[in-house]
Structure formats: C-alpha cells, structure tokens
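Participant: My structure is in entry19.tsv, and what it holds is TSV, C-alpha atoms and all ligand atoms:
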chain	number	residue	atom	x	y	z
A	5	MET	CA	95.71	99.92	115.68
A	6	THR	CA	96.26	103.19	113.74
A	7	LYS	CA	93.57	105.88	113.66
A	8	GLN	CA	93.02	105.09	109.96
A	9	ASP	CA	92.54	101.39	110.74
A	10	GLU	CA	90.03	102.33	113.44
A	11	LEU	CA	88.02	104.29	110.86
A	12	LYS	CA	88.22	101.35	108.45
A	13	GLN	CA	87.00	98.98	111.14
A	14	LEU	CA	84.09	101.26	112.05
A	15	VAL	CA	82.88	101.57	108.44
A	16	GLY	CA	83.21	97.80	108.05
A	17	GLN	CA	81.08	97.24	111.12
A	18	GLU	CA	78.53	99.82	109.91
A	19	ALA	CA	78.30	98.22	106.47
A	20	VAL	CA	77.30	94.77	107.72
A	21	LYS	CA	74.19	96.32	109.32
A	22	PHE	CA	72.86	96.59	105.75
A	23	ILE	CA	73.09	92.83	105.25
A	24	GLU	CA	69.83	90.96	105.80
A	25	ASP	CA	69.10	87.29	106.31
A	26	GLY	CA	68.91	85.39	103.01
A	27	MET	CA	70.96	87.88	101.01
A	28	ILE	CA	73.60	87.05	98.43
A	29	VAL	CA	76.42	89.49	99.18
A	30	GLY	CA	79.40	90.45	97.03
A	31	LEU	CA	82.52	90.60	99.18
A	32	GLY	CA	85.14	93.09	97.99
A	33	THR	CA	88.87	93.06	98.60
A	34	GLY	CA	91.32	95.10	100.65
A	35	SER	CA	92.17	96.14	104.17
A	36	THR	CA	88.84	97.92	104.79
A	37	VAL	CA	86.84	94.99	103.45
A	38	LYS	CA	88.86	92.68	105.70
A	39	PHE	CA	87.32	94.43	108.72
A	40	MET	CA	83.88	94.16	107.13
A	41	VAL	CA	84.29	90.41	106.52
A	42	ASP	CA	85.40	89.98	110.15
A	43	ALA	CA	82.21	91.76	111.28
A	44	LEU	CA	80.11	89.67	108.91
A	45	GLY	CA	81.67	86.47	110.24
A	46	LYS	CA	80.67	87.57	113.72
A	47	ARG	CA	77.06	88.15	112.63
A	48	VAL	CA	76.94	84.76	110.89
A	49	ALA	CA	78.21	83.06	114.05
A	50	ASP	CA	76.21	85.07	116.63
A	51	GLU	CA	72.89	85.39	114.79
A	52	GLN	CA	73.00	82.25	112.60
A	53	LEU	CA	72.59	84.74	109.73
A	54	SER	CA	72.03	82.79	106.53
A	55	ILE	CA	73.83	84.53	103.68
A	56	VAL	CA	75.99	83.57	100.72
A	57	GLY	CA	79.11	85.59	99.94
A	58	VAL	CA	80.51	86.05	96.46
A	59	PRO	CA	84.20	86.90	96.95
A	60	THR	CA	86.08	89.18	94.56
A	61	SER	CA	89.49	87.62	95.24
A	62	GLN	CA	91.14	84.47	96.51
A	63	ARG	CA	92.23	86.47	99.59
A	64	THR	CA	88.66	87.35	100.54
A	65	LYS	CA	87.47	83.82	99.73
A	66	GLU	CA	90.02	82.37	102.14
A	67	GLN	CA	89.15	84.86	104.88
A	68	ALA	CA	85.42	84.12	104.52
A	69	ALA	CA	86.03	80.37	104.62
A	70	GLY	CA	88.07	80.76	107.81
A	71	LEU	CA	85.18	82.60	109.44
A	72	GLY	CA	82.52	80.08	108.40
A	73	ILE	CA	80.88	82.39	105.85
A	74	PRO	CA	79.50	80.25	103.00
A	75	THR	CA	80.67	81.42	99.56
A	76	LYS	CA	79.84	80.72	95.95
A	77	GLY	CA	81.46	81.73	92.68
A	78	LEU	CA	79.80	84.43	90.59
A	79	ASP	CA	78.55	81.92	88.04
A	80	GLU	CA	76.95	79.79	90.77
A	81	VAL	CA	74.46	82.50	91.81
A	82	ASP	CA	71.60	84.03	89.84
A	83	HIS	CA	71.90	87.49	91.39
A	84	ILE	CA	73.77	89.49	94.03
A	85	ASP	CA	71.70	91.70	96.32
A	86	LEU	CA	74.47	93.92	97.61
A	87	THR	CA	78.22	94.15	97.10
A	88	ILE	CA	80.34	95.84	99.74
A	89	ASP	CA	83.81	96.89	98.62
A	90	GLY	CA	86.55	99.39	99.38
A	91	ALA	CA	87.88	102.10	97.07
A	92	ASP	CA	91.12	104.00	96.57
A	93	GLN	CA	89.54	107.37	95.72
A	94	ILE	CA	86.01	108.70	95.40
A	95	ASP	CA	85.23	112.11	93.92
A	96	LYS	CA	82.32	114.51	94.53
A	97	ASN	CA	80.29	112.79	91.78
A	98	PHE	CA	80.80	109.37	93.41
A	99	GLN	CA	83.10	108.19	90.64
A	100	GLY	CA	85.88	105.97	91.91
A	101	ILE	CA	89.33	104.54	91.41
A	102	LYS	CA	89.84	100.94	92.50
A	103	GLY	CA	92.53	98.33	92.04
A	104	GLY	CA	95.14	99.36	94.57
A	105	GLY	CA	94.72	95.86	95.96
A	106	ALA	CA	95.12	94.25	92.51
A	107	ALA	CA	91.55	92.96	92.39
A	108	HIS	CA	89.63	95.50	90.30
A	109	LEU	CA	88.87	93.13	87.40
A	110	TRP	CA	86.91	90.65	89.53
A	111	GLU	CA	85.55	93.53	91.63
A	112	LYS	CA	84.13	95.28	88.56
A	113	ILE	CA	82.61	92.07	87.19
A	114	VAL	CA	80.94	91.39	90.55
A	115	ALA	CA	79.85	95.04	90.87
A	116	ILE	CA	78.09	95.20	87.51
A	117	ASN	CA	76.23	92.00	88.42
A	118	SER	CA	75.01	93.41	91.74
A	119	THR	CA	71.65	95.04	92.38
A	120	LYS	CA	73.29	97.51	94.80
A	121	ASN	CA	76.89	98.52	95.42
A	122	MET	CA	78.26	100.02	98.62
A	123	TRP	CA	81.80	101.36	99.12
A	124	ILE	CA	83.38	101.68	102.52
A	125	VAL	CA	86.29	104.07	102.97
A	126	ASP	CA	88.08	106.14	105.55
A	127	LYS	CA	87.86	109.92	105.00
A	128	SER	CA	91.28	110.11	103.28
A	129	LYS	CA	89.77	108.47	100.17
A	130	MET	CA	87.26	111.28	99.50
A	131	VAL	CA	88.72	113.78	97.00
A	132	ASP	CA	87.61	116.70	94.84
A	133	GLN	CA	89.25	115.23	91.75
A	134	LEU	CA	90.43	111.70	90.91
A	135	GLY	CA	94.00	110.98	89.86
A	136	SER	CA	96.44	111.62	92.68
A	137	PHE	CA	96.09	107.87	93.32
A	138	PRO	CA	97.69	106.02	90.36
A	139	LEU	CA	95.06	104.46	88.10
A	140	PRO	CA	95.48	100.64	87.96
A	141	LEU	CA	95.21	98.72	84.70
A	142	GLU	CA	95.01	94.93	84.58
A	143	VAL	CA	96.84	93.90	81.42
A	144	ILE	CA	97.48	90.66	79.54
A	145	PRO	CA	101.18	89.69	79.99
A	146	TYR	CA	101.50	88.87	76.27
A	147	GLY	CA	102.71	92.03	74.55
A	148	SER	CA	102.56	94.08	77.72
A	149	GLN	CA	105.93	95.77	77.00
A	150	GLN	CA	104.48	97.03	73.70
A	151	LEU	CA	101.33	98.19	75.45
A	152	PHE	CA	103.51	99.93	78.04
A	153	LYS	CA	105.29	101.87	75.25
A	154	ARG	CA	101.95	102.94	73.76
A	155	LEU	CA	100.81	104.17	77.16
A	156	GLU	CA	104.09	106.08	77.56
A	157	LYS	CA	103.66	107.72	74.15
A	158	GLN	CA	100.19	108.89	75.16
A	159	GLY	CA	101.68	110.60	78.24
A	160	PHE	CA	99.98	108.30	80.75
A	161	ASN	CA	103.15	107.80	82.90
A	162	PRO	CA	102.78	104.03	83.22
A	163	VAL	CA	104.63	101.99	85.85
A	164	PHE	CA	104.48	98.18	86.04
A	165	ARG	CA	103.49	97.07	89.55
A	166	MET	CA	106.40	95.02	90.93
A	167	LYS	CA	107.16	93.20	94.15
A	168	ASN	CA	110.66	91.90	94.98
A	169	ASN	CA	111.68	92.43	91.35
A	170	ASN	CA	108.78	90.31	90.06
A	171	TYR	CA	105.64	91.43	88.28
A	172	VAL	CA	102.66	91.50	90.61
A	173	THR	CA	100.08	89.13	89.16
A	174	THR	CA	96.33	89.14	89.68
A	175	ASP	CA	93.99	86.24	90.46
A	176	SER	CA	93.59	85.93	86.67
A	177	ASN	CA	97.39	85.75	86.23
A	178	ASN	CA	97.58	89.13	84.54
A	179	TYR	CA	99.99	92.03	85.19
A	180	LEU	CA	99.20	95.46	86.57
A	181	ILE	CA	100.28	98.81	85.16
A	182	ASP	CA	99.61	101.91	87.27
A	183	LEU	CA	99.10	105.21	85.45
A	184	HIS	CA	100.58	108.15	87.38
A	185	LEU	CA	98.27	110.81	86.03
A	186	HIS	CA	98.17	113.15	89.08
A	187	LYS	CA	94.75	114.42	88.00
A	188	ILE	CA	91.98	113.08	85.80
A	189	ASP	CA	90.01	115.94	84.23
A	190	ASN	CA	87.49	113.80	82.37
A	191	PRO	CA	87.10	110.28	83.86
A	192	LYS	CA	84.51	109.22	81.27
A	193	LYS	CA	86.71	110.21	78.31
A	194	LEU	CA	89.72	108.47	79.83
A	195	ALA	CA	87.66	105.33	80.52
A	196	LEU	CA	86.56	105.21	76.88
A	197	THR	CA	90.15	105.62	75.66
A	198	LEU	CA	91.40	102.82	77.92
A	199	ASP	CA	88.42	100.58	77.02
A	200	GLN	CA	89.58	100.74	73.41
A	201	MET	CA	93.22	99.80	74.00
A	202	THR	CA	93.90	96.16	73.12
A	203	GLY	CA	95.77	94.34	75.87
A	204	ILE	CA	94.09	96.20	78.72
A	205	VAL	CA	91.69	93.75	80.33
A	206	GLU	CA	90.16	96.33	82.69
A	207	HIS	CA	90.97	99.73	84.14
A	208	GLY	CA	90.27	100.87	87.68
A	209	LEU	CA	87.82	103.67	86.88
A	210	PHE	CA	84.48	102.67	88.41
A	211	LEU	CA	82.00	105.14	86.95
A	212	ASN	CA	78.29	105.30	87.86
A	213	ILE	CA	78.53	102.05	89.80
A	214	VAL	CA	78.16	102.87	93.48
A	215	ASN	CA	74.82	103.48	95.24
A	216	THR	CA	75.94	104.07	98.82
A	217	VAL	CA	79.24	105.20	100.34
A	218	ILE	CA	80.06	104.88	104.02
A	219	VAL	CA	82.85	107.29	104.99
A	220	GLY	CA	84.80	106.92	108.20
A	221	GLU	CA	84.90	110.40	109.74
A	222	ASP	CA	86.42	111.32	113.12
A	223	ASP	CA	82.94	111.62	114.63
A	224	GLY	CA	81.75	108.28	113.21
A	225	PRO	CA	80.71	106.64	109.95
A	226	LYS	CA	78.63	108.79	107.56
A	227	VAL	CA	76.28	107.11	105.09
A	228	LEU	CA	76.06	108.95	101.75
A	229	GLN	CA	73.55	108.08	99.02
A	230	ALA	CA	75.18	108.37	95.61
A	231	ARG	CA	72.19	107.56	93.38
B	301	LIG	C1	91.32	96.25	95.55
B	301	LIG	C2	90.60	97.52	95.76
B	301	LIG	C3	90.41	97.96	97.16
B	301	LIG	O1	89.05	98.03	97.41
B	301	LIG	C4	91.04	99.31	97.32
B	301	LIG	O2	92.40	99.19	96.95
B	301	LIG	C5	90.94	99.81	98.77
B	301	LIG	O3	91.72	99.01	99.59
B	301	LIG	P1	91.98	99.35	101.11
B	301	LIG	O4	90.69	99.18	101.81
B	301	LIG	O5	93.04	98.38	101.53
B	301	LIG	O6	92.48	100.78	101.18
B	301	LIG	O7	90.17	98.18	94.85
B	301	LIG	O8	91.58	96.02	94.21
Go ahead and render the structure in this file as structure tokens.

Facilitator:
Amino acid sequence: MTKQDELKQLVGQEAVKFIEDGMIVGLGTGSTVKFMVDALGKRVADEQLSIVGVPTSQRTKEQAAGLGIPTKGLDEVDHIDLTIDGADQIDKNFQGIKGGGAAHLWEKIVAINSTKNMWIVDKSKMVDQLGSFPLPLEVIPYGSQQLFKRLEKQGFNPVFRMKNNNYVTTDSNNYLIDLHLHKIDNPKKLALTLDQMTGIVEHGLFLNIVNTVIVGEDDGPKVLQAR
C-alpha cells in the first residue's frame, strides 16, 4: 500500500468512530471512502452495530451490500445523521471541490439533506486556494457541445471527461466537464455563475457544507472543526 493509501485508510478508520448505534449515515464515494466503508463493515460485523447507510453512488452501494451494511435510498429515509465523504481539495475556509470520482451530484444532494457532514482526506488535499484540481461539472448530454462552447468563451478551459474514447457517464447518465481553472479567486461568485448556466446539473463546489474534516497527517489523523 502507498503512503497516501495508508493515510486514507487511517482517516477512514478514524471517521467510523463517530458513527453511533442507530444512526442513518450518508456514505460518500471514492478511494478514501472505500477504506471508511471497509472499517464500517467491520464494526457492523464485530459489534452488531445497527445503522442504515445512504450511499451516494452505485459503487458505494455495492461495496456496502458486500459487507453486510444495510442501505436505503435517500427518499426512503426521513433524515441523515451524518454523511462521511471524501474531497478533492479543501481550502483554509473549509470550502471544497468534489466530483473527481464522478459522483458529486448525488453527493451534494445527500450532503444538503444531512444534519452533519464530515470529509476525510489525506494531507495532499488541503490547499490555500481552490482550483489547481479541475472543477467537475455534471452536465445534461443534450446540447452539451453547445454548453462546452459557452464555457470556452467564458475562459473556463473546459475538458469533457473521457475514458477509452467514450464520455464518462455518471449514475444519472449525465456527462462530466472538468474546468481547468488553475485557481479560483472567488468560489461563491463562480458557484453563482455556474448555478445559472442551463445544462449544468451541478458543479463540484461544495461551499459551507462541511462541519468536520479529518486530515491524514504523517503523525496521524487530525480532526478539524469547520463550523
Ligand atoms: C467523488 C468525490 C470524491 O469524494 C473525491 O473525488 C475524493 O476521492 P478520493 O478519496 O478517491 O481521492 O468527490 O465524486
């Protein structure tokens, strides 16, 4: 296992300590969350912990099912106590970029329906300023070439996310466009601009959403309270 994977595993293991019996828990997506779901599966098996997971992707749903973690869809629960998810970048104000794993639409919907949100990251994700990680947009396929041209005109440096010459599609069968912005001076202003562009279903700026961040540092996981 790489050093970075070790840090991801440690934050995943730390995060599940926050899960209590009876909770409804949002389960994020990505390689860090995969370690967290493994650790949660172990707690469910070892302690007969009774929880319900609300997965943010088919991938996470399948992993949870394989580990015997009961899951429900978002519309089958009346609340979510805590959602634990990864992130691609987090700045000093605890604003984040997500969507590198193509799941930010479901992740944001689950996050805004959660009482508390926790992000788990290795130290490489903590930055002074957002933007060196390309900002993901989930877009409706219909008219997406026209949308792409509008994004180009605005200087957003869009790139369709492709795999083996095919468009990457999300769990909602949409496409992804990554904006290579290099730096984002005003995340709130950019979020408002993108919110108003027809054809964009959701962007990967997660602003004022997270409560707690667990960062994998060399000397162990650090728990930071965002708000
Ligand atoms: C998926 C996400 C992930 O949480 C984010 O990409 C981090 O993933 P990883 O833990 O693999 O670095 O937003 O859409």

Participant: For ligand LIG 301 (chain B), collect every residue having any atom at a distance of at most 8 Å from a ligand atom (counting all atoms listed in the file); output as a PDB file with C-alpha atoms, keeping the file's coordinate frame.

Facilitator:
ATOM      1  CA  LYS A  12      88.220 101.350 108.450  1.00  0.00           C
ATOM      2  CA  GLY A  32      85.140  93.090  97.990  1.00  0.00           C
ATOM      3  CA  THR A  33      88.870  93.060  98.600  1.00  0.00           C
ATOM      4  CA  GLY A  34      91.320  95.100 100.650  1.00  0.00           C
ATOM      5  CA  SER A  35      92.170  96.140 104.170  1.00  0.00           C
ATOM      6  CA  THR A  36      88.840  97.920 104.790  1.00  0.00           C
ATOM      7  CA  VAL A  37      86.840  94.990 103.450  1.00  0.00           C
ATOM      8  CA  LYS A  38      88.860  92.680 105.700  1.00  0.00           C
ATOM      9  CA  ASP A  89      83.810  96.890  98.620  1.00  0.00           C
ATOM     10  CA  GLY A  90      86.550  99.390  99.380  1.00  0.00           C
ATOM     11  CA  ALA A  91      87.880 102.100  97.070  1.00  0.00           C
ATOM     12  CA  ASP A  92      91.120 104.000  96.570  1.00  0.00           C
ATOM     13  CA  ILE A 101      89.330 104.540  91.410  1.00  0.00           C
ATOM     14  CA  LYS A 102      89.840 100.940  92.500  1.00  0.00           C
ATOM     15  CA  GLY A 103      92.530  98.330  92.040  1.00  0.00           C
ATOM     16  CA  GLY A 104      95.140  99.360  94.570  1.00  0.00           C
ATOM     17  CA  GLY A 105      94.720  95.860  95.960  1.00  0.00           C
ATOM     18  CA  ALA A 106      95.120  94.250  92.510  1.00  0.00           C
ATOM     19  CA  ALA A 107      91.550  92.960  92.390  1.00  0.00           C
ATOM     20  CA  HIS A 108      89.630  95.500  90.300  1.00  0.00           C
ATOM     21  CA  LEU A 109      88.870  93.130  87.400  1.00  0.00           C
ATOM     22  CA  GLU A 111      85.550  93.530  91.630  1.00  0.00           C
ATOM     23  CA  ILE A 124      83.380 101.680 102.520  1.00  0.00           C
ATOM     24  CA  VAL A 125      86.290 104.070 102.970  1.00  0.00           C
ATOM     25  CA  GLY A 208      90.270 100.870  87.680  1.00  0.00           C
TER      26      GLY A 208
END

Participant: Please measure the separation of atom CA of Ile181 of chain A and atom CA of Lys65 of chain A, giving the value in Å to one decimal.

Facilitator: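 Computed distance, atom CA of Ile181 of chain A to atom CA of Lys65 of chain A, equals 24.5 Å.
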
Participant: What are the centre and the three edge lengths of an axis-aligned box that wraps all atoms of segment 116-129 of chain A in the file, given that 8 Å is added to every side, written as JSON and rounded to one decimal in Å?

Facilitator:
{"center_x": 81.5, "center_y": 101.1, "center_z": 96.5, "size_x": 35.6, "size_y": 34.1, "size_z": 34.0}

Participant: Could you pull out every residue with an atom within 8 Å of (75.4, 105.4, 93.7), file coordinates, counting all atoms listed in the file, and send them as a VMD selection string?

Facilitator: chain A and resid 98 121 to 122 212 to 217 229 to 231

Participant: Restricting the calculation to all atoms listed in the file, which member of A:Asn97, A:Ser54, A:Gln17, A:Thr64 is positioned closest to Leu31 of chain A?

Facilitator: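 Between A:Asn97, A:Ser54, A:Gln17, A:Thr64, the residue approaching Leu31 of chain A most closely is A:Thr64.
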
Participant: Write out as a list in words which residues come within 10 Å of Gly159 of chain A when counting all atoms listed in the file, dropping same-chain ones fewer than 5 positions away.

Facilitator: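 Result of the neighbour search: Lys153, Arg154, Leu183, His184 and Leu185 of chain A.
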
Participant: Write out as a list of chain:residue names each polymer residue whose atoms come within 7 Å of Trp110 of chain A, counting all atoms listed in the file; drop sequence neighbours fewer than 4 positions from it.

Facilitator: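 With the cut-off at 7 Å, the set is A:Thr60, A:Ser61, A:Val114.
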
Participant: Which residues come within 12 Å of Met166 of chain A, counting all atoms listed in the file, excluding same-chain residues fewer than 6 positions away, as a PyMOL selection string?

Facilitator: chain A and resi 106+172-174+179-182

Participant: Expressed in Å to a single decimal, how great is the separation between atom CA of Glu206 of chain A and atom CA of Val56 of chain A?

Facilitator: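 Interatomic distance here is 26.2 Å.
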
Participant: So, with all atoms listed in the file as the atoms that count, which of A:Lys226, A:Gly30, A:Asn177, A:Ile73 lies closest to Ala49 of chain A?

Facilitator: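 Closest to Ala49 of chain A of all the choices is A:Ile73.
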
Participant: Between A:Lys7, A:Glu80, A:Gly72, A:Thr87, which residue has the minimum interatomic distance to Val29 of chain A, considering only C-alpha atoms?

Facilitator: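 Using only C-alpha atoms, the shortest distance to Val29 of chain A belongs to A:Thr87.
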
Participant: Hey, can you check how far atom CA of Thr197 of chain A sits from atom CA of Gly135 of chain A?

Facilitator: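 Answer for the atom CA of Thr197 of chain A to atom CA of Gly135 of chain A separation: 15.7 Å.
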
Participant: Given the choices A:Gly147, A:Gly16, A:Pro74, A:Gly100, which gets closest to Ala43 of chain A if the distance is worked out from only C-alpha atoms?

Facilitator: A:Gly16

Participant: Which of these residues is nearest to Val58 of chain A, using only C-alpha atoms: A:Val81, A:Leu155, A:Leu198, A:Leu14?

Facilitator: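 Of the candidates, the smallest distance to Val58 of chain A is held by A:Val81.
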
Participant: Counting only C-alpha atoms, figure out which residue out of A:Asp42, A:Asp95, A:Glu156, A:Asp175 gets nearest to Gln67 of chain A.

Facilitator: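 The shortest atom-to-atom distance to Gln67 of chain A comes from A:Asp42.
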
Participant: Ala195 of chain A: which residues within 12 Å, counting only C-alpha atoms, same-chain residues fewer than 6 positions away excluded, as a PyMOL selection string?

Facilitator: chain A and resi 99-101+139-141+188-189+201+204+206-212
